[in-house]
Structure formats: structure tokens, C-alpha cells
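K.L.:
So I've got this file, query_19.cif, and it contains mmCIF, N, CA and C atoms:
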```cif
data_structure
#
loop_
_atom_site.label_atom_id
_atom_site.label_comp_id
_atom_site.auth_asym_id
_atom_site.auth_seq_id
_atom_site.Cartn_x
_atom_site.Cartn_y
_atom_site.Cartn_z
N MET N 23 127.00 142.79 220.59
CA MET N 23 127.16 141.82 219.53
C MET N 23 127.41 142.55 218.21
N ILE N 24 128.28 141.98 217.40
CA ILE N 24 128.59 142.55 216.08
C ILE N 24 127.89 141.71 215.01
N VAL N 25 127.06 142.38 214.22
CA VAL N 25 126.35 141.75 213.11
C VAL N 25 126.97 142.26 211.81
N CYS N 26 127.27 141.34 210.90
CA CYS N 26 127.78 141.72 209.58
C CYS N 26 126.68 141.46 208.55
N ILE N 27 126.43 142.46 207.72
CA ILE N 27 125.46 142.34 206.64
C ILE N 27 126.18 142.58 205.32
N THR N 28 126.00 141.70 204.35
CA THR N 28 126.62 141.90 203.04
C THR N 28 125.84 142.97 202.29
N ALA N 29 126.57 143.89 201.65
CA ALA N 29 125.91 145.02 201.00
C ALA N 29 126.57 145.36 199.67
N ARG N 30 125.82 146.08 198.84
CA ARG N 30 126.31 146.50 197.53
C ARG N 30 127.11 147.79 197.59
N ALA N 31 127.00 148.53 198.69
CA ALA N 31 127.71 149.81 198.87
C ALA N 31 127.94 150.00 200.36
N ALA N 32 128.61 151.08 200.71
CA ALA N 32 128.89 151.38 202.11
C ALA N 32 127.65 151.95 202.78
N GLY N 33 127.51 151.70 204.07
CA GLY N 33 126.45 152.31 204.87
C GLY N 33 125.26 151.41 205.08
N THR N 34 124.51 151.70 206.14
CA THR N 34 123.36 150.88 206.47
C THR N 34 122.17 151.11 205.52
N ASP N 35 122.25 152.18 204.73
CA ASP N 35 121.19 152.43 203.74
C ASP N 35 121.44 151.70 202.42
N ALA N 36 122.60 151.05 202.30
CA ALA N 36 122.96 150.35 201.06
C ALA N 36 122.10 149.09 200.90
N PRO N 37 121.78 148.74 199.65
CA PRO N 37 121.03 147.50 199.40
C PRO N 37 121.84 146.27 199.82
N VAL N 38 121.15 145.28 200.33
CA VAL N 38 121.79 144.03 200.71
C VAL N 38 122.28 143.31 199.46
N GLU N 39 123.48 142.74 199.54
CA GLU N 39 124.04 141.90 198.47
C GLU N 39 123.74 140.46 198.83
N GLN N 40 123.22 139.70 197.88
CA GLN N 40 122.86 138.31 198.16
C GLN N 40 124.05 137.36 198.24
N ARG N 41 125.15 137.70 197.60
CA ARG N 41 126.33 136.83 197.62
C ARG N 41 127.21 137.19 198.81
N PHE N 42 127.73 136.19 199.49
CA PHE N 42 128.59 136.45 200.64
C PHE N 42 130.02 136.79 200.21
N GLY N 43 130.72 135.83 199.65
CA GLY N 43 132.15 136.01 199.35
C GLY N 43 132.46 137.09 198.33
N ARG N 44 131.53 137.38 197.46
CA ARG N 44 131.73 138.39 196.41
C ARG N 44 130.97 139.68 196.69
N ALA N 45 130.47 139.84 197.89
CA ALA N 45 129.77 141.08 198.25
C ALA N 45 130.74 142.26 198.16
N PRO N 46 130.34 143.37 197.58
CA PRO N 46 131.24 144.52 197.49
C PRO N 46 131.62 145.10 198.86
N TYR N 47 130.69 145.04 199.81
CA TYR N 47 130.95 145.60 201.15
C TYR N 47 130.41 144.68 202.24
N PHE N 48 131.06 144.77 203.38
CA PHE N 48 130.57 144.17 204.61
C PHE N 48 130.22 145.33 205.54
N VAL N 49 128.99 145.37 206.00
CA VAL N 49 128.56 146.41 206.93
C VAL N 49 128.47 145.77 208.31
N PHE N 50 129.31 146.24 209.23
CA PHE N 50 129.35 145.73 210.59
C PHE N 50 128.58 146.68 211.50
N VAL N 51 127.65 146.13 212.28
CA VAL N 51 126.85 146.95 213.19
C VAL N 51 126.99 146.38 214.60
N ASP N 52 127.35 147.25 215.53
CA ASP N 52 127.39 146.88 216.94
C ASP N 52 125.99 147.10 217.48
N THR N 53 125.31 146.03 217.85
CA THR N 53 123.91 146.15 218.26
C THR N 53 123.75 146.83 219.62
N GLU N 54 124.82 146.91 220.39
CA GLU N 54 124.73 147.55 221.70
C GLU N 54 124.90 149.07 221.60
N THR N 55 125.78 149.52 220.70
CA THR N 55 126.03 150.96 220.58
C THR N 55 125.31 151.58 219.39
N GLY N 56 124.93 150.75 218.41
CA GLY N 56 124.30 151.25 217.20
C GLY N 56 125.29 151.75 216.17
N LYS N 57 126.58 151.72 216.49
CA LYS N 57 127.60 152.19 215.55
C LYS N 57 127.79 151.18 214.43
N SER N 58 128.06 151.72 213.24
CA SER N 58 128.30 150.85 212.10
C SER N 58 129.60 151.23 211.41
N GLU N 59 130.18 150.23 210.74
CA GLU N 59 131.40 150.42 209.97
C GLU N 59 131.26 149.62 208.68
N SER N 60 131.56 150.26 207.57
CA SER N 60 131.52 149.58 206.28
C SER N 60 132.93 149.29 205.82
N VAL N 61 133.15 148.05 205.37
CA VAL N 61 134.47 147.63 204.93
C VAL N 61 134.35 147.10 203.50
N ALA N 62 135.14 147.68 202.60
CA ALA N 62 135.16 147.17 201.23
C ALA N 62 135.75 145.76 201.24
N ASN N 63 135.13 144.87 200.52
CA ASN N 63 135.59 143.48 200.46
C ASN N 63 136.86 143.41 199.61
N PRO N 64 138.00 143.08 200.24
CA PRO N 64 139.26 143.01 199.49
C PRO N 64 139.33 141.80 198.56
N LEU N 65 138.36 140.90 198.67
CA LEU N 65 138.40 139.65 197.91
C LEU N 65 137.44 139.62 196.73
N ILE N 66 136.77 140.74 196.46
CA ILE N 66 135.71 140.74 195.45
C ILE N 66 136.20 140.26 194.07
N ASP N 67 137.43 140.56 193.72
CA ASP N 67 137.96 140.15 192.42
C ASP N 67 139.00 139.05 192.53
N ALA N 68 139.12 138.44 193.69
CA ALA N 68 140.13 137.40 193.90
C ALA N 68 139.74 136.12 193.16
N ALA N 69 140.73 135.26 192.96
CA ALA N 69 140.47 133.95 192.36
C ALA N 69 139.65 133.12 193.35
N GLY N 70 139.34 131.89 193.00
CA GLY N 70 138.46 131.03 193.79
C GLY N 70 138.80 130.94 195.27
N GLY N 71 137.88 130.36 196.01
CA GLY N 71 138.07 130.15 197.44
C GLY N 71 137.92 131.39 198.29
N VAL N 72 137.13 132.35 197.82
CA VAL N 72 137.02 133.61 198.58
C VAL N 72 136.15 133.46 199.83
N GLY N 73 135.21 132.53 199.85
CA GLY N 73 134.32 132.39 200.99
C GLY N 73 135.04 132.21 202.31
N PRO N 74 135.91 131.20 202.43
CA PRO N 74 136.63 131.01 203.68
C PRO N 74 137.53 132.20 204.05
N ARG N 75 138.09 132.85 203.05
CA ARG N 75 138.93 134.02 203.34
C ARG N 75 138.07 135.21 203.79
N ALA N 76 136.86 135.31 203.24
CA ALA N 76 135.96 136.38 203.67
C ALA N 76 135.53 136.18 205.12
N VAL N 77 135.42 134.93 205.54
CA VAL N 77 135.10 134.65 206.94
C VAL N 77 136.16 135.25 207.85
N GLN N 78 137.41 135.24 207.40
CA GLN N 78 138.50 135.84 208.19
C GLN N 78 138.26 137.33 208.41
N VAL N 79 137.75 138.03 207.39
CA VAL N 79 137.46 139.45 207.50
C VAL N 79 136.43 139.67 208.62
N LEU N 80 135.41 138.81 208.66
CA LEU N 80 134.39 138.92 209.69
C LEU N 80 134.98 138.65 211.07
N ALA N 81 135.78 137.59 211.17
CA ALA N 81 136.37 137.22 212.45
C ALA N 81 137.29 138.32 212.98
N GLU N 82 138.04 138.95 212.09
CA GLU N 82 138.96 140.02 212.50
C GLU N 82 138.21 141.20 213.11
N ARG N 83 136.96 141.38 212.74
CA ARG N 83 136.17 142.50 213.26
C ARG N 83 135.19 142.08 214.34
N GLY N 84 135.30 140.84 214.78
CA GLY N 84 134.50 140.38 215.91
C GLY N 84 133.05 140.04 215.62
N ALA N 85 132.71 139.84 214.35
CA ALA N 85 131.32 139.51 214.01
C ALA N 85 130.96 138.11 214.51
N THR N 86 129.80 138.00 215.12
CA THR N 86 129.30 136.71 215.56
C THR N 86 128.03 136.30 214.80
N ILE N 87 127.48 137.26 214.04
CA ILE N 87 126.28 137.02 213.23
C ILE N 87 126.54 137.53 211.82
N LEU N 88 126.13 136.74 210.82
CA LEU N 88 126.21 137.14 209.42
C LEU N 88 124.82 137.11 208.83
N VAL N 89 124.44 138.20 208.15
CA VAL N 89 123.17 138.26 207.44
C VAL N 89 123.50 138.45 205.96
N THR N 90 123.10 137.49 205.14
CA THR N 90 123.41 137.51 203.71
C THR N 90 122.35 136.69 202.97
N GLY N 91 122.45 136.65 201.67
CA GLY N 91 121.49 135.87 200.89
C GLY N 91 121.84 134.40 200.83
N GLN N 92 123.10 134.12 200.49
CA GLN N 92 123.53 132.74 200.33
C GLN N 92 125.03 132.61 200.56
N VAL N 93 125.44 131.42 200.94
CA VAL N 93 126.87 131.13 201.10
C VAL N 93 127.16 129.79 200.43
N GLY N 94 128.37 129.66 199.92
CA GLY N 94 128.80 128.41 199.32
C GLY N 94 129.18 127.40 200.39
N GLY N 95 129.40 126.17 199.97
CA GLY N 95 129.73 125.10 200.91
C GLY N 95 130.99 125.33 201.71
N ASN N 96 132.06 125.76 201.06
CA ASN N 96 133.31 126.02 201.78
C ASN N 96 133.15 127.17 202.76
N ALA N 97 132.45 128.20 202.36
CA ALA N 97 132.21 129.33 203.25
C ALA N 97 131.35 128.90 204.43
N ALA N 98 130.35 128.08 204.18
CA ALA N 98 129.47 127.62 205.25
C ALA N 98 130.27 126.85 206.31
N ARG N 99 131.18 126.01 205.86
CA ARG N 99 132.01 125.26 206.81
C ARG N 99 132.92 126.20 207.61
N ALA N 100 133.48 127.20 206.94
CA ALA N 100 134.35 128.16 207.62
C ALA N 100 133.56 129.02 208.61
N ILE N 101 132.34 129.40 208.25
CA ILE N 101 131.48 130.18 209.13
C ILE N 101 131.18 129.38 210.39
N GLU N 102 130.82 128.13 210.20
CA GLU N 102 130.51 127.27 211.35
C GLU N 102 131.74 127.07 212.23
N ALA N 103 132.88 126.79 211.59
CA ALA N 103 134.12 126.59 212.35
C ALA N 103 134.53 127.84 213.13
N GLY N 104 134.19 129.01 212.59
CA GLY N 104 134.53 130.27 213.24
C GLY N 104 133.55 130.69 214.31
N GLY N 105 132.51 129.87 214.54
CA GLY N 105 131.54 130.20 215.57
C GLY N 105 130.60 131.33 215.20
N ILE N 106 130.47 131.59 213.89
CA ILE N 106 129.58 132.66 213.40
C ILE N 106 128.26 132.02 212.99
N LYS N 107 127.15 132.65 213.35
CA LYS N 107 125.84 132.15 212.94
C LYS N 107 125.39 132.95 211.74
N ALA N 108 124.97 132.25 210.69
CA ALA N 108 124.56 132.90 209.44
C ALA N 108 123.04 132.81 209.28
N TYR N 109 122.46 133.92 208.80
CA TYR N 109 121.02 134.01 208.58
C TYR N 109 120.75 134.51 207.16
N ALA N 110 119.65 133.99 206.58
CA ALA N 110 119.28 134.32 205.20
C ALA N 110 118.36 135.53 205.16
N TYR N 111 118.77 136.54 204.40
CA TYR N 111 117.91 137.67 204.08
C TYR N 111 117.74 137.66 202.57
N ARG N 112 116.54 137.40 202.11
CA ARG N 112 116.30 137.27 200.68
C ARG N 112 115.52 138.46 200.13
N GLY N 113 115.33 139.47 200.95
CA GLY N 113 114.60 140.65 200.52
C GLY N 113 115.45 141.57 199.66
N SER N 114 114.87 142.67 199.23
CA SER N 114 115.60 143.64 198.39
C SER N 114 115.82 144.94 199.14
N GLY N 115 115.74 144.89 200.46
CA GLY N 115 115.90 146.09 201.26
C GLY N 115 117.34 146.45 201.56
N SER N 116 117.48 147.38 202.48
CA SER N 116 118.80 147.88 202.88
C SER N 116 119.40 147.02 203.98
N ALA N 117 120.66 147.30 204.29
CA ALA N 117 121.32 146.62 205.40
C ALA N 117 120.56 146.88 206.69
N ALA N 118 120.05 148.09 206.86
CA ALA N 118 119.26 148.42 208.05
C ALA N 118 117.99 147.59 208.11
N ASP N 119 117.35 147.38 206.96
CA ASP N 119 116.14 146.55 206.90
C ASP N 119 116.47 145.11 207.32
N ALA N 120 117.58 144.59 206.80
CA ALA N 120 118.00 143.22 207.11
C ALA N 120 118.30 143.09 208.61
N LEU N 121 118.97 144.09 209.17
CA LEU N 121 119.28 144.08 210.59
C LEU N 121 117.98 144.09 211.41
N ALA N 122 117.01 144.89 211.01
CA ALA N 122 115.73 144.95 211.72
C ALA N 122 115.02 143.60 211.69
N GLU N 123 115.07 142.94 210.56
CA GLU N 123 114.43 141.62 210.45
C GLU N 123 115.16 140.60 211.31
N TYR N 124 116.50 140.68 211.34
CA TYR N 124 117.27 139.78 212.20
C TYR N 124 116.90 140.03 213.67
N THR N 125 116.90 141.28 214.07
CA THR N 125 116.60 141.65 215.46
C THR N 125 115.21 141.20 215.87
N ALA N 126 114.26 141.25 214.93
CA ALA N 126 112.89 140.84 215.21
C ALA N 126 112.74 139.31 215.23
N GLY N 127 113.81 138.59 214.85
CA GLY N 127 113.75 137.13 214.83
C GLY N 127 113.05 136.58 213.60
N ASP N 128 113.00 137.38 212.52
CA ASP N 128 112.28 136.98 211.32
C ASP N 128 113.13 136.26 210.26
N LEU N 129 114.43 136.07 210.51
CA LEU N 129 115.30 135.44 209.51
C LEU N 129 115.57 133.99 209.85
N GLN N 130 115.69 133.17 208.81
CA GLN N 130 115.97 131.76 208.98
C GLN N 130 117.48 131.51 208.98
N PRO N 131 117.96 130.59 209.81
CA PRO N 131 119.39 130.24 209.77
C PRO N 131 119.76 129.62 208.43
N LEU N 132 120.96 129.87 207.98
CA LEU N 132 121.47 129.25 206.75
C LEU N 132 122.11 127.93 207.10
#
```
Can the structure in the file be given as C-alpha cells, please?
P.N.:
Amino acid sequence: MIVCITARAAGTDAPVEQRFGRAPYFVFVDTETGKSESVANPLIDAAGGVGPRAVQVLAERGATILVTGQVGGNAARAIEAGGIKAYAYRGSGSAADALAEYTAGDLQPL
């Protein structure tokens, strides 16, 4: 399974970013292999409507789980339509911390 965590920088040690569509980075982690890939968000400075377009970035990389702080209404609809499950991480930890909380079943669905 591929989990995407919104982050302020590249890598699993980066702090989690609370915003989905405007997150500077998306950190993708394959939970079966443990491999991670960080992708700079190409939409960070785009005009409105970035949420649904950011969902495309996740879909292109096979993410089925999103861990972030919050999502807007349009993004939420696109996430649901794309078959991605979103979970809220409201802590101030790293992407690795957020992934650990997701894996432990400690995060609430958005």
C-alpha cells in the first residue's frame, strides 16, 4: 500500500504540513517495502482549485491513503472520487511519526 503524507520538506524526517493542496511536499511511503519518495508539490503557488489537482498527483503515484491535517471541500470530493482514504494528523511530528500513528490505527478519518 502507498501512503502519502503532506510535509514541509523532503524525506520522512520532515515535519508534517497541515494543508493538503498547498503542502510543499508529498512524501509517498510503500508500507510493504518501506521505501519512500518525496515529490515537490507543483501546485504550491498555483491559482485556486489546487486540491482536486493535487489529488491527481497522489493518484499518479498509486497512493490509496492520505495523511494530512485538513482538506478543503473540493479536495475532499476528489479524494473520495479517487478511492483514496484520508486521515487527520494534527500533531507537530515528522512524516514518519504520522505514518506510525496511521499504522497503529490512531488517526481519525477526514
K.L.:
If you run DSSP on this backbone, which residues of chain N come out as alpha helix (DSSP H), and could you give them as number ranges by chain?
P.N.:
N: 72-82, 95-103, 117-125
K.L.:
Show me, as a list in words, the residues that have an atom within 10 Å of N:Gly113 when counting only C-alpha atoms, minus same-chain residues fewer than 5 positions from it.
P.N.:
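In the requested format, the answer is Pro37, Val38, Glu39, Gln40, Thr90, Gly91, Asp119, Ala120 and Glu123 of chain N.
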K.L.:
Got a sec: who's within 8 Å of N:Gly71, counting only N, CA and C atoms, leaving out chain neighbours fewer than 5 positions off, as a VMD selection string?
P.N.:
chain N and resid 43 76 96 to 97
K.L.:
Applying 12 Å and only C-alpha atoms, which residues near N:Ser60 remain after dropping the ones on its own chain fewer than 5 positions away? List them as a PyMOL selection string.
P.N.:
chain N and resi 25-36+45-52+79-80+83+117
K.L.:
Taking the file as shown, what set of residues would the PyMOL selection byres ((chain N and resi 106) around 6.5) give back, as an MDAnalysis selection string?
P.N.:
chainID N and resid 85:88 101:105 107:108
K.L.:
Using all atoms listed in the file, which residue out of N:Val77, N:Ala98, N:Ala110, N:Val72 lies closest to N:Gln130?
P.N.:
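So, comparing all the options, the nearest one is N:Ala110.
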K.L.:
If you run DSSP on the backbone here, which positions in chain N get strand (DSSP E)? Please write them as a count of residues only.
P.N.:
29
K.L.:
Counting only N, CA and C atoms, which residue out of N:Ala122, N:Ser114, N:Tyr109, N:Ala62 sits closest to N:Val89?
P.N.:
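Ranking N:Ala122, N:Ser114, N:Tyr109, N:Ala62 by distance to N:Val89, first place goes to N:Tyr109.
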K.L.:
How many Å separate atom CA of N:Asp67 from atom N of N:Arg44?
P.N.:
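Separation between atom CA of N:Asp67 and atom N of N:Arg44: 8.6 Å.
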K.L.:
Build an axis-aligned box that encloses every atom of stretch 51-63 of chain N listed in the file, pad it by 6 Å on each side, and report its centre and edge lengths in Å to one decimal, as JSON.
P.N.:
```
{"center_x": 130.3, "center_y": 147.8, "center_z": 210.7, "size_x": 25.1, "size_y": 20.8, "size_z": 34.1}
```
K.L.:
Report as a list in words all protein, DNA and RNA residues lying within 12 Å of N:Glu54, evaluated on only C-alpha atoms, omitting residues in the same chain fewer than 4 positions from it.
P.N.:
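Counting only C-alpha atoms, the residues come to Met23, Ile24, Val25, Ser58 and Thr125 of chain N.
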K.L.:
Can you work out which one of N:Ala100, N:Leu121, N:Ser116, N:Val93 has the shortest atom-to-atom distance to N:Gln78, counting all atoms listed in the file?
P.N.:
N:Ala100
K.L.:
Between N:Pro64, N:Tyr111, N:Tyr124, N:Gly70, which is the closest to N:Gln92 once you count only N, CA and C atoms?
P.N.:
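Between N:Pro64, N:Tyr111, N:Tyr124, N:Gly70, the residue approaching N:Gln92 most closely is N:Tyr111.
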K.L.:
Reconstruct stretch 101-112 of chain N at the level of all heavy atoms, and format the result as a short mmCIF file (atom, residue, chain, number, x, y, z; two decimals), in the frame of the given file.
P.N.:
```cif
data_model
loop_
_atom_site.label_atom_id
_atom_site.label_comp_id
_atom_site.auth_asym_id
_atom_site.auth_seq_id
_atom_site.Cartn_x
_atom_site.Cartn_y
_atom_site.Cartn_z
N ILE N 101 132.34 129.40 208.25
CA ILE N 101 131.48 130.18 209.13
C ILE N 101 131.18 129.38 210.39
O ILE N 101 131.31 129.88 211.51
CB ILE N 101 130.18 130.59 208.40
CG1 ILE N 101 130.49 131.66 207.34
CG2 ILE N 101 129.13 131.08 209.38
CD1 ILE N 101 129.38 131.88 206.34
N GLU N 102 130.82 128.13 210.20
CA GLU N 102 130.51 127.27 211.35
C GLU N 102 131.74 127.07 212.23
O GLU N 102 131.67 127.18 213.46
CB GLU N 102 129.98 125.92 210.86
CG GLU N 102 129.53 125.02 211.99
CD GLU N 102 128.92 123.72 211.50
OE1 GLU N 102 128.49 123.64 210.33
OE2 GLU N 102 128.88 122.77 212.30
N ALA N 103 132.88 126.79 211.59
CA ALA N 103 134.12 126.59 212.35
C ALA N 103 134.53 127.84 213.13
O ALA N 103 135.11 127.75 214.20
CB ALA N 103 135.25 126.16 211.41
N GLY N 104 134.19 129.01 212.59
CA GLY N 104 134.53 130.27 213.24
C GLY N 104 133.55 130.69 214.31
O GLY N 104 133.70 131.75 214.93
N GLY N 105 132.51 129.87 214.54
CA GLY N 105 131.54 130.20 215.57
C GLY N 105 130.60 131.33 215.20
O GLY N 105 129.99 131.95 216.06
N ILE N 106 130.47 131.59 213.89
CA ILE N 106 129.58 132.66 213.40
C ILE N 106 128.26 132.02 212.99
O ILE N 106 128.26 130.97 212.34
CB ILE N 106 130.23 133.40 212.22
CG1 ILE N 106 131.53 134.08 212.67
CG2 ILE N 106 129.26 134.41 211.61
CD1 ILE N 106 132.37 134.63 211.54
N LYS N 107 127.15 132.65 213.35
CA LYS N 107 125.84 132.15 212.94
C LYS N 107 125.39 132.95 211.74
O LYS N 107 125.42 134.18 211.75
CB LYS N 107 124.85 132.29 214.09
CG LYS N 107 125.20 131.38 215.24
CD LYS N 107 124.13 131.37 216.28
CE LYS N 107 124.41 130.24 217.23
NZ LYS N 107 124.49 130.53 218.58
N ALA N 108 124.97 132.25 210.69
CA ALA N 108 124.56 132.90 209.44
C ALA N 108 123.04 132.81 209.28
O ALA N 108 122.43 131.78 209.56
CB ALA N 108 125.25 132.25 208.25
N TYR N 109 122.46 133.92 208.80
CA TYR N 109 121.02 134.01 208.58
C TYR N 109 120.75 134.51 207.16
O TYR N 109 121.49 135.33 206.65
CB TYR N 109 120.38 134.95 209.60
CG TYR N 109 120.44 134.41 210.99
CD1 TYR N 109 121.57 134.62 211.78
CD2 TYR N 109 119.40 133.64 211.52
CE1 TYR N 109 121.65 134.09 213.05
CE2 TYR N 109 119.47 133.11 212.79
CZ TYR N 109 120.60 133.33 213.56
OH TYR N 109 120.68 132.80 214.82
N ALA N 110 119.65 133.99 206.58
CA ALA N 110 119.28 134.32 205.20
C ALA N 110 118.36 135.53 205.16
O ALA N 110 117.31 135.54 205.79
CB ALA N 110 118.60 133.14 204.55
N TYR N 111 118.77 136.54 204.40
CA TYR N 111 117.91 137.67 204.08
C TYR N 111 117.74 137.66 202.57
O TYR N 111 118.69 137.87 201.84
CB TYR N 111 118.52 138.99 204.54
CG TYR N 111 117.67 140.19 204.16
CD1 TYR N 111 116.53 140.51 204.90
CD2 TYR N 111 117.98 140.98 203.07
CE1 TYR N 111 115.74 141.60 204.55
CE2 TYR N 111 117.19 142.06 202.71
CZ TYR N 111 116.07 142.37 203.46
OH TYR N 111 115.28 143.43 203.12
N ARG N 112 116.54 137.40 202.11
CA ARG N 112 116.30 137.27 200.68
C ARG N 112 115.52 138.46 200.13
O ARG N 112 115.11 138.47 198.98
CB ARG N 112 115.59 135.96 200.38
CG ARG N 112 116.38 134.73 200.84
CD ARG N 112 116.94 133.96 199.71
NE ARG N 112 117.92 132.93 199.90
CZ ARG N 112 118.11 132.09 200.87
NH1 ARG N 112 117.36 132.12 201.92
NH2 ARG N 112 119.05 131.18 200.83
#
```
